[in-house]
file data_35.txt (compact mmCIF, C-alpha atoms)
# COMPACT_ATOMS: atom_id res chain seq x y z
CA MET O 22 -13.52 -3.27 16.21
CA SER O 23 -10.74 -1.45 14.37
CA MET O 24 -7.27 -2.62 15.38
CA ILE O 25 -4.51 -0.03 15.68
CA PHE O 26 -0.84 -1.00 15.71
CA CYS O 27 1.24 1.56 17.60
CA VAL O 28 4.99 1.46 16.93
CA GLU O 29 6.62 3.60 19.64
CA ASP O 30 9.84 3.02 21.59
CA ASP O 31 8.92 5.43 24.42
CA GLU O 32 7.03 3.15 26.83
CA ALA O 33 5.23 5.97 28.64
CA ALA O 34 4.08 7.60 25.39
CA ALA O 35 2.99 4.23 24.00
CA ASN O 36 0.95 3.43 27.12
CA ILE O 37 -0.80 6.81 27.05
CA ALA O 38 -1.62 6.46 23.35
CA ALA O 39 -2.90 2.90 23.86
CA TYR O 40 -5.11 4.00 26.75
CA ALA O 41 -6.58 6.90 24.73
CA LEU O 42 -7.30 4.70 21.72
CA GLU O 43 -8.81 1.89 23.81
CA SER O 44 -11.00 4.44 25.61
CA ALA O 45 -12.21 5.56 22.17
CA GLY O 46 -13.23 2.01 21.29
CA PHE O 47 -10.21 0.81 19.31
CA GLY O 48 -8.20 -2.35 19.76
CA VAL O 49 -4.50 -1.61 20.24
CA LYS O 50 -1.23 -3.53 19.99
CA VAL O 51 2.02 -1.78 20.92
CA PHE O 52 5.48 -2.48 19.48
CA SER O 53 8.69 -0.91 20.76
CA GLU O 54 10.76 -1.53 17.61
CA GLY O 55 10.36 -2.30 13.93
CA GLN O 56 11.28 -5.97 13.61
CA SER O 57 8.59 -7.25 15.99
CA PHE O 58 6.06 -5.00 14.26
CA LEU O 59 6.93 -6.36 10.81
CA ARG O 60 6.68 -9.95 12.09
CA ALA O 61 3.25 -9.23 13.56
CA LEU O 62 2.19 -7.59 10.30
CA GLN O 63 2.73 -10.91 8.50
CA LYS O 64 0.10 -12.54 10.73
CA GLU O 65 -2.44 -9.75 11.23
CA LYS O 66 -3.39 -6.69 9.20
CA PRO O 67 -4.42 -3.71 11.37
CA SER O 68 -6.91 -1.04 10.36
CA LEU O 69 -4.25 1.65 10.86
CA VAL O 70 -0.64 2.05 12.02
CA LEU O 71 0.73 4.81 14.25
CA LEU O 72 4.41 4.77 13.29
CA ASP O 73 7.18 6.67 15.06
CA ILE O 74 10.01 7.79 12.78
CA MET O 75 12.79 7.46 15.39
CA LEU O 76 13.05 3.80 16.41
CA PRO O 77 15.85 1.58 17.78
CA GLY O 78 17.21 -1.56 16.18
CA GLY O 79 18.21 -0.36 12.73
CA LYS O 80 14.67 -0.06 11.32
CA ASP O 81 13.40 3.51 11.50
CA GLY O 82 9.87 4.55 10.63
CA ILE O 83 10.77 5.76 7.14
CA SER O 84 12.31 2.41 6.14
CA ILE O 85 9.35 0.53 7.66
CA LEU O 86 6.90 2.69 5.71
CA LYS O 87 8.86 2.03 2.52
CA THR O 88 8.70 -1.71 3.20
CA MET O 89 4.94 -1.56 3.77
CA ARG O 90 4.25 0.43 0.62
CA SER O 91 6.28 -1.98 -1.54
CA ASP O 92 4.26 -5.04 -0.43
CA THR O 93 0.83 -5.69 -1.97
CA GLU O 94 -0.32 -7.20 1.35
CA THR O 95 0.32 -3.99 3.31
CA GLU O 96 0.51 -1.16 0.76
CA ASN O 97 -3.03 0.07 1.49
CA ILE O 98 -2.89 0.00 5.30
CA PRO O 99 -3.28 3.62 6.52
CA VAL O 100 -0.22 5.00 8.32
CA ILE O 101 0.06 8.07 10.54
CA MET O 102 3.69 9.04 11.15
CA THR O 103 4.74 10.47 14.52
CA THR O 104 8.00 12.19 15.42
CA ALA O 105 9.51 14.53 17.96
CA LYS O 106 11.74 16.10 15.32
CA GLY O 107 9.05 17.83 13.32
CA THR O 108 11.42 18.77 10.54
CA GLU O 109 10.09 19.62 7.13
CA TYR O 110 12.36 16.97 5.60
CA ASP O 111 10.89 14.14 7.68
CA LYS O 112 7.36 15.25 6.94
CA VAL O 113 7.91 15.51 3.19
CA LYS O 114 9.81 12.20 3.10
CA GLY O 115 7.03 10.37 4.94
CA LEU O 116 4.24 11.85 2.84
CA ASP O 117 6.14 11.17 -0.39
CA LEU O 118 6.43 7.51 0.60
CA GLY O 119 2.68 7.26 1.17
CA ALA O 120 2.00 8.25 4.78
CA ASP O 121 -1.65 9.25 5.25
CA ASP O 122 -1.07 11.85 7.97
CA TYR O 123 1.60 13.27 10.27
CA LEU O 124 1.67 14.11 13.99
CA VAL O 125 4.45 16.14 15.62
CA LYS O 126 5.21 15.38 19.28
CA PRO O 127 4.06 16.42 21.76
CA PHE O 128 0.48 16.07 20.55
CA GLY O 129 -2.74 15.82 22.51
CA MET O 130 -4.49 12.48 22.82
CA LEU O 131 -7.80 13.95 21.64
CA GLU O 132 -6.08 15.25 18.53
CA MET O 133 -4.51 11.83 17.91
CA VAL O 134 -7.83 10.01 18.24
CA SER O 135 -9.47 12.57 15.96
CA ARG O 136 -6.75 12.13 13.32
CA VAL O 137 -7.06 8.34 13.51
CA ARG O 138 -10.81 8.52 12.97
CA ALA O 139 -10.43 10.99 10.11
CA VAL O 140 -7.86 8.82 8.28
CA LEU O 141 -10.00 5.70 8.75
CA ARG O 142 -13.04 7.50 7.32
CA ARG O 143 -11.01 8.78 4.40
CA THR O 144 -9.48 5.42 3.54
CA GLU O 145 -12.76 3.53 3.93
CA LYS O 146 -14.39 5.94 1.50
CA LYS O 147 -11.45 5.63 -0.88
CA HIS O 148 -11.61 1.82 -0.81
CA THR O 149 -15.34 1.86 -1.50
CA GLU O 150 -14.93 4.22 -4.42
CA ALA O 151 -12.03 2.18 -5.81
CA GLU O 152 -13.86 -1.17 -5.69
CA THR O 153 -14.35 -0.88 -9.46
CA LEU O 154 -11.59 0.30 -11.77
CA SER O 155 -12.28 1.25 -15.36
CA VAL O 156 -10.60 2.47 -18.52
CA PRO O 157 -12.27 2.72 -21.93
CA GLY O 158 -13.54 -0.76 -22.82
CA ILE O 159 -12.35 -2.48 -19.63
CA ILE O 160 -14.00 -2.73 -16.20
CA LEU O 161 -12.26 -4.51 -13.31
CA ASN O 162 -14.09 -5.36 -10.07
CA ARG O 163 -11.75 -5.97 -7.16
CA THR O 164 -14.40 -7.46 -4.86
CA ASN O 165 -15.82 -9.96 -7.34
CA HIS O 166 -12.42 -10.49 -8.99
CA THR O 167 -13.93 -10.07 -12.46
CA VAL O 168 -12.88 -8.26 -15.63
CA MET O 169 -15.28 -7.20 -18.38
CA VAL O 170 -14.01 -6.23 -21.84
CA ASP O 171 -16.62 -4.53 -24.04
CA GLY O 172 -19.26 -6.05 -21.78
CA ASN O 173 -17.91 -9.60 -22.05
CA PRO O 174 -16.23 -11.50 -19.17
CA LEU O 175 -12.49 -12.04 -19.52
CA GLU O 176 -10.80 -15.03 -17.88
CA LEU O 177 -7.46 -14.12 -16.30
CA THR O 178 -5.03 -15.98 -14.09
CA LEU O 179 -4.39 -14.57 -10.60
CA LYS O 180 -1.11 -12.94 -11.67
CA GLU O 181 -2.62 -11.51 -14.87
CA PHE O 182 -5.50 -10.05 -12.85
CA SER O 183 -3.08 -8.56 -10.29
CA LEU O 184 -0.98 -6.99 -13.05
CA LEU O 185 -4.02 -5.47 -14.75
CA GLU O 186 -5.37 -4.23 -11.41
CA LEU O 187 -2.07 -2.55 -10.58
CA PHE O 188 -1.84 -0.85 -13.99
CA MET O 189 -5.50 0.30 -13.91
CA ALA O 190 -5.10 1.69 -10.39
CA HIS O 191 -2.11 3.78 -11.54
CA PRO O 192 -2.70 4.80 -15.17
CA GLY O 193 0.33 6.44 -16.75
CA ARG O 194 2.72 5.31 -14.02
CA VAL O 195 5.76 3.37 -15.21
CA PHE O 196 6.55 0.17 -13.29
CA ASP O 197 9.98 -1.39 -13.73
CA ARG O 198 10.23 -5.17 -13.80
CA GLU O 199 11.81 -5.41 -10.34
CA THR O 200 8.93 -3.45 -8.80
CA LEU O 201 6.40 -5.68 -10.54
CA LEU O 202 8.18 -8.76 -9.17
CA THR O 203 7.99 -7.29 -5.67
CA LYS O 204 4.36 -6.23 -5.86
CA ILE O 205 2.85 -9.14 -7.81
CA TRP O 206 5.13 -12.07 -6.98
CA ASN O 207 6.13 -10.83 -3.51
CA THR O 208 9.81 -11.28 -4.17
CA ASP O 209 12.74 -8.89 -4.29
CA TYR O 210 14.72 -11.24 -6.54
CA ALA O 211 15.88 -9.00 -9.37
CA GLY O 212 17.82 -11.50 -11.46
CA ASP O 213 15.58 -13.16 -14.05
CA THR O 214 12.65 -10.84 -14.75
CA ARG O 215 11.50 -12.78 -17.81
CA THR O 216 8.48 -14.08 -15.90
CA VAL O 217 7.14 -10.51 -15.88
CA ASP O 218 7.53 -10.22 -19.65
CA VAL O 219 5.82 -13.59 -20.19
CA HIS O 220 2.80 -12.61 -18.09
CA ILE O 221 2.58 -9.21 -19.77
CA GLY O 222 2.55 -11.03 -23.10
CA THR O 223 -0.29 -13.38 -22.13
CA LEU O 224 -2.26 -10.50 -20.63
CA ARG O 225 -1.91 -8.47 -23.83
CA THR O 226 -3.05 -11.47 -25.88
CA LYS O 227 -6.20 -11.84 -23.78
CA LEU O 228 -6.97 -8.10 -23.95
CA GLY O 229 -7.15 -8.35 -27.74
CA LYS O 230 -7.70 -4.95 -29.35
CA TYR O 231 -6.89 -3.26 -26.02
CA ALA O 232 -3.46 -4.90 -25.78
CA GLY O 233 -1.79 -1.65 -26.85
CA MET O 234 -2.92 0.05 -23.64
CA ILE O 235 -0.10 -1.73 -21.86
CA GLU O 236 2.91 0.05 -23.27
CA THR O 237 6.53 -1.04 -23.08
CA VAL O 238 8.82 1.70 -21.79
CA ARG O 239 12.13 0.75 -23.35
CA GLY O 240 14.86 -0.04 -20.85
CA ILE O 241 12.53 0.38 -17.85
CA GLY O 242 9.28 -1.59 -17.79
CA TYR O 243 5.60 -1.09 -18.50
CA ARG O 244 2.74 1.34 -18.04
CA LEU O 245 -0.96 1.52 -18.91
CA GLU O 246 -2.06 4.38 -21.12
CA ALA O 247 -5.82 4.54 -21.60
CA VAL O 248 -6.82 5.59 -25.11
call {"tool": "encode", "arguments": {"input": "data_35.txt", "output": "structure tokens"}}
result
Amino acid sequence: MSMIFCVEDDEAAANIAAYALESAGFGVKVFSEGQSFLRALQKEKPSLVLLDIMLPGGKDGISILKTMRSDTETENIPVIMTTAKGTEYDKVKGLDLGADDYLVKPFGMLEMVSRVRAVLRRTEKKHTEAETLSVPGIILNRTNHTVMVDGNPLELTLKEFSLLELFMAHPGRVFDRETLLTKIWNTDYAGDTRTVDVHIGTLRTKLGKYAGMIETVRGIGYRLEAV
């Protein structure tokens, strides 16, 4: 059963949404503010999150979405944003940060259930397609946790594998060292980033003739450029 986390401070709206989703065969957990939701997220990963933008307690939906997308444990959880404001700014901001869909209140429960199902289908298909990542000469399998270089298996440490996976999933994108620390080491400590440079160095050494794919962007960080 797919589990849906609903973050909504309006108790009546949350109860109606929970009833509609449960009637459609989903499991549902409701949270009235962001902190309790984020604590629950550390213990259980839902199939999808319905996230209201306007929330009490200092953590609005936009900041929660940003937190989720910066953590490797939660960055791929589908999120549908909900809001009563319906402004173009909120919509663009949420989608830019990685929201999968957007619902403007008041919305019908049938529409909400339909959107939830559509996003789940879309993300499941995306995850299946992205099980294997490849660039010329290198194939990475996320499920089997293997890397093949020119048809030969390559032994990588967990952090080296995670770095290569991140680069191959976002070719051409520049990652600064602080972002890599957050995504790979799960820390926002931005003082000594030398550990990133050391791991990049060992990864390049193991990649051999393909080491040059991981380019240094002076003063910023690193990116993968397939040749």
call {"tool": "closest_residue", "arguments": {"input": "data_35.txt", "among": "O:Val217, O:Leu161, O:Val195, O:Ala41", "to": "Glu246 of chain O", "atoms": "all atoms listed in the file"}}
result
O:Val195
call {"tool": "residues_around", "arguments": {"input": "data_35.txt", "residues": "Leu228 of chain O", "least_positions_apart": "5", "cutoff": "12 Å", "atoms": "only C-alpha atoms", "output": "PyMOL selection string"}}
result
chain O and resi 158-160+168-171+173-177+181-182+185+221-223+233-235
call {"tool": "closest_residue", "arguments": {"input": "data_35.txt", "among": "O:Trp206, O:Phe47, O:Phe52, O:Phe26", "to": "Val70 of chain O", "atoms": "all atoms listed in the file"}}
result
O:Phe26
call {"tool": "atom_distance", "arguments": {"input": "data_35.txt", "atom1": "atom CA of Lys66 of chain O", "atom2": "atom CA of Thr203 of chain O"}}
result
18.7 Å
call {"tool": "closest_residue", "arguments": {"input": "data_35.txt", "among": "O:Thr178, O:Ser68, O:Thr200, O:Thr103", "to": "Thr144 of chain O", "atoms": "only C-alpha atoms"}}
result
O:Ser68
call {"tool": "atom_distance", "arguments": {"input": "data_35.txt", "atom1": "atom CA of Glu32 of chain O", "atom2": "atom CA of Asp73 of chain O"}}
result
12.3 Å
call {"tool": "residues_around", "arguments": {"input": "data_35.txt", "residues": "Phe188 of chain O", "least_positions_apart": "2", "cutoff": "12 Å", "atoms": "all atoms listed in the file", "output": "number ranges by chain"}}
result
O: 154-156, 161, 181-186, 190-197, 201, 204-205, 221, 224, 234-236, 242-247
call {"tool": "closest_atom_pairs", "arguments": {"input": "data_35.txt", "of": "segment 141-248 of chain O", "to": "segment 120-127 of chain O", "cutoff": "12 Å", "atoms": "only C-alpha atoms", "output": "Markdown table"}}
result
| residue | atom | partner | partner_atom | distance |
| --- | --- | --- | --- | --- |
| O:Leu141 | CA | O:Asp121 | CA | 9.7 |
| O:Arg142 | CA | O:Asp121 | CA | 11.7 |
| O:Arg143 | CA | O:Asp121 | CA | 9.4 |
| O:Thr144 | CA | O:Asp121 | CA | 8.9 |
call {"tool": "atom_distance", "arguments": {"input": "data_35.txt", "atom1": "atom CA of Gly48 of chain O", "atom2": "atom CA of Asn207 of chain O"}}
result
28.6 Å
call {"tool": "decode", "arguments": {"input": "data_35.txt", "residues": "segment 76-88 of chain O", "atoms": "all heavy atoms", "output": "PDB file, in the first residue's frame"}}
result
ATOM      1  N   LEU O  76       2.082  27.188   6.333  1.00  0.00           N
ATOM      2  CA  LEU O  76       2.072  26.360   7.535  1.00  0.00           C
ATOM      3  C   LEU O  76       2.520  27.185   8.736  1.00  0.00           C
ATOM      4  O   LEU O  76       3.314  28.119   8.600  1.00  0.00           O
ATOM      5  CB  LEU O  76       3.010  25.157   7.369  1.00  0.00           C
ATOM      6  CG  LEU O  76       2.611  24.093   6.339  1.00  0.00           C
ATOM      7  CD1 LEU O  76       3.774  23.124   6.117  1.00  0.00           C
ATOM      8  CD2 LEU O  76       1.379  23.331   6.806  1.00  0.00           C
ATOM      9  N   PRO O  77       2.057  26.828   9.938  1.00  0.00           N
ATOM     10  CA  PRO O  77       2.497  27.538  11.150  1.00  0.00           C
ATOM     11  C   PRO O  77       3.852  27.021  11.628  1.00  0.00           C
ATOM     12  O   PRO O  77       4.363  26.020  11.127  1.00  0.00           O
ATOM     13  CB  PRO O  77       1.395  27.182  12.153  1.00  0.00           C
ATOM     14  CG  PRO O  77       0.963  25.801  11.741  1.00  0.00           C
ATOM     15  CD  PRO O  77       1.051  25.796  10.222  1.00  0.00           C
ATOM     16  N   GLY O  78       4.433  27.717  12.599  1.00  0.00           N
ATOM     17  CA  GLY O  78       5.612  27.201  13.271  1.00  0.00           C
ATOM     18  C   GLY O  78       6.936  27.539  12.632  1.00  0.00           C
ATOM     19  O   GLY O  78       7.962  26.965  12.993  1.00  0.00           O
ATOM     20  N   GLY O  79       6.966  28.462  11.689  1.00  0.00           N
ATOM     21  CA  GLY O  79       8.239  28.904  11.138  1.00  0.00           C
ATOM     22  C   GLY O  79       8.779  28.077   9.987  1.00  0.00           C
ATOM     23  O   GLY O  79       9.790  28.429   9.388  1.00  0.00           O
ATOM     24  N   LYS O  80       8.140  26.955   9.666  1.00  0.00           N
ATOM     25  CA  LYS O  80       8.574  26.121   8.543  1.00  0.00           C
ATOM     26  C   LYS O  80       7.447  26.071   7.521  1.00  0.00           C
ATOM     27  O   LYS O  80       6.487  25.314   7.665  1.00  0.00           O
ATOM     28  CB  LYS O  80       8.887  24.692   9.032  1.00  0.00           C
ATOM     29  CG  LYS O  80      10.299  24.509   9.560  1.00  0.00           C
ATOM     30  CD  LYS O  80      11.284  24.327   8.417  1.00  0.00           C
ATOM     31  CE  LYS O  80      12.664  23.967   8.905  1.00  0.00           C
ATOM     32  NZ  LYS O  80      13.636  23.863   7.806  1.00  0.00           N
ATOM     33  N   ASP O  81       7.551  26.895   6.470  1.00  0.00           N
ATOM     34  CA  ASP O  81       6.512  26.845   5.447  1.00  0.00           C
ATOM     35  C   ASP O  81       6.834  25.748   4.437  1.00  0.00           C
ATOM     36  O   ASP O  81       7.894  25.120   4.477  1.00  0.00           O
ATOM     37  CB  ASP O  81       6.333  28.199   4.765  1.00  0.00           C
ATOM     38  CG  ASP O  81       7.568  28.647   3.981  1.00  0.00           C
ATOM     39  OD1 ASP O  81       8.490  27.828   3.786  1.00  0.00           O
ATOM     40  OD2 ASP O  81       7.606  29.811   3.568  1.00  0.00           O
ATOM     41  N   GLY O  82       5.891  25.506   3.530  1.00  0.00           N
ATOM     42  CA  GLY O  82       6.044  24.417   2.581  1.00  0.00           C
ATOM     43  C   GLY O  82       7.236  24.576   1.664  1.00  0.00           C
ATOM     44  O   GLY O  82       7.889  23.595   1.309  1.00  0.00           O
ATOM     45  N   ILE O  83       7.542  25.808   1.280  1.00  0.00           N
ATOM     46  CA  ILE O  83       8.681  26.046   0.384  1.00  0.00           C
ATOM     47  C   ILE O  83       9.991  25.663   1.065  1.00  0.00           C
ATOM     48  O   ILE O  83      10.843  24.995   0.465  1.00  0.00           O
ATOM     49  CB  ILE O  83       8.726  27.525  -0.059  1.00  0.00           C
ATOM     50  CG1 ILE O  83       7.516  27.854  -0.958  1.00  0.00           C
ATOM     51  CG2 ILE O  83      10.020  27.825  -0.794  1.00  0.00           C
ATOM     52  CD1 ILE O  83       7.494  27.143  -2.287  1.00  0.00           C
ATOM     53  N   SER O  84      10.165  26.057   2.326  1.00  0.00           N
ATOM     54  CA  SER O  84      11.407  25.723   3.036  1.00  0.00           C
ATOM     55  C   SER O  84      11.499  24.226   3.300  1.00  0.00           C
ATOM     56  O   SER O  84      12.589  23.646   3.253  1.00  0.00           O
ATOM     57  CB  SER O  84      11.504  26.505   4.349  1.00  0.00           C
ATOM     58  OG  SER O  84      10.465  26.147   5.251  1.00  0.00           O
ATOM     59  N   ILE O  85      10.362  23.570   3.557  1.00  0.00           N
ATOM     60  CA  ILE O  85      10.355  22.121   3.765  1.00  0.00           C
ATOM     61  C   ILE O  85      10.742  21.405   2.479  1.00  0.00           C
ATOM     62  O   ILE O  85      11.535  20.459   2.480  1.00  0.00           O
ATOM     63  CB  ILE O  85       8.972  21.647   4.254  1.00  0.00           C
ATOM     64  CG1 ILE O  85       8.725  22.141   5.677  1.00  0.00           C
ATOM     65  CG2 ILE O  85       8.861  20.123   4.202  1.00  0.00           C
ATOM     66  CD1 ILE O  85       7.313  21.892   6.173  1.00  0.00           C
ATOM     67  N   LEU O  86      10.190  21.855   1.352  1.00  0.00           N
ATOM     68  CA  LEU O  86      10.528  21.256   0.062  1.00  0.00           C
ATOM     69  C   LEU O  86      12.018  21.417  -0.225  1.00  0.00           C
ATOM     70  O   LEU O  86      12.675  20.477  -0.696  1.00  0.00           O
ATOM     71  CB  LEU O  86       9.709  21.916  -1.054  1.00  0.00           C
ATOM     72  CG  LEU O  86       9.989  21.421  -2.476  1.00  0.00           C
ATOM     73  CD1 LEU O  86       9.641  19.952  -2.633  1.00  0.00           C
ATOM     74  CD2 LEU O  86       9.220  22.263  -3.498  1.00  0.00           C
ATOM     75  N   LYS O  87      12.562  22.583   0.082  1.00  0.00           N
ATOM     76  CA  LYS O  87      13.990  22.816  -0.134  1.00  0.00           C
ATOM     77  C   LYS O  87      14.823  21.868   0.712  1.00  0.00           C
ATOM     78  O   LYS O  87      15.827  21.315   0.246  1.00  0.00           O
ATOM     79  CB  LYS O  87      14.328  24.273   0.205  1.00  0.00           C
ATOM     80  CG  LYS O  87      15.729  24.684  -0.188  1.00  0.00           C
ATOM     81  CD  LYS O  87      15.937  26.174   0.029  1.00  0.00           C
ATOM     82  CE  LYS O  87      17.332  26.600  -0.413  1.00  0.00           C
ATOM     83  NZ  LYS O  87      17.537  28.070  -0.221  1.00  0.00           N
ATOM     84  N   THR O  88      14.408  21.650   1.950  1.00  0.00           N
ATOM     85  CA  THR O  88      15.102  20.715   2.839  1.00  0.00           C
ATOM     86  C   THR O  88      15.059  19.304   2.278  1.00  0.00           C
ATOM     87  O   THR O  88      16.067  18.588   2.260  1.00  0.00           O
ATOM     88  CB  THR O  88      14.471  20.732   4.245  1.00  0.00           C
ATOM     89  OG1 THR O  88      14.612  22.035   4.819  1.00  0.00           O
ATOM     90  CG2 THR O  88      15.131  19.710   5.157  1.00  0.00           C
TER      91      THR O  88
END
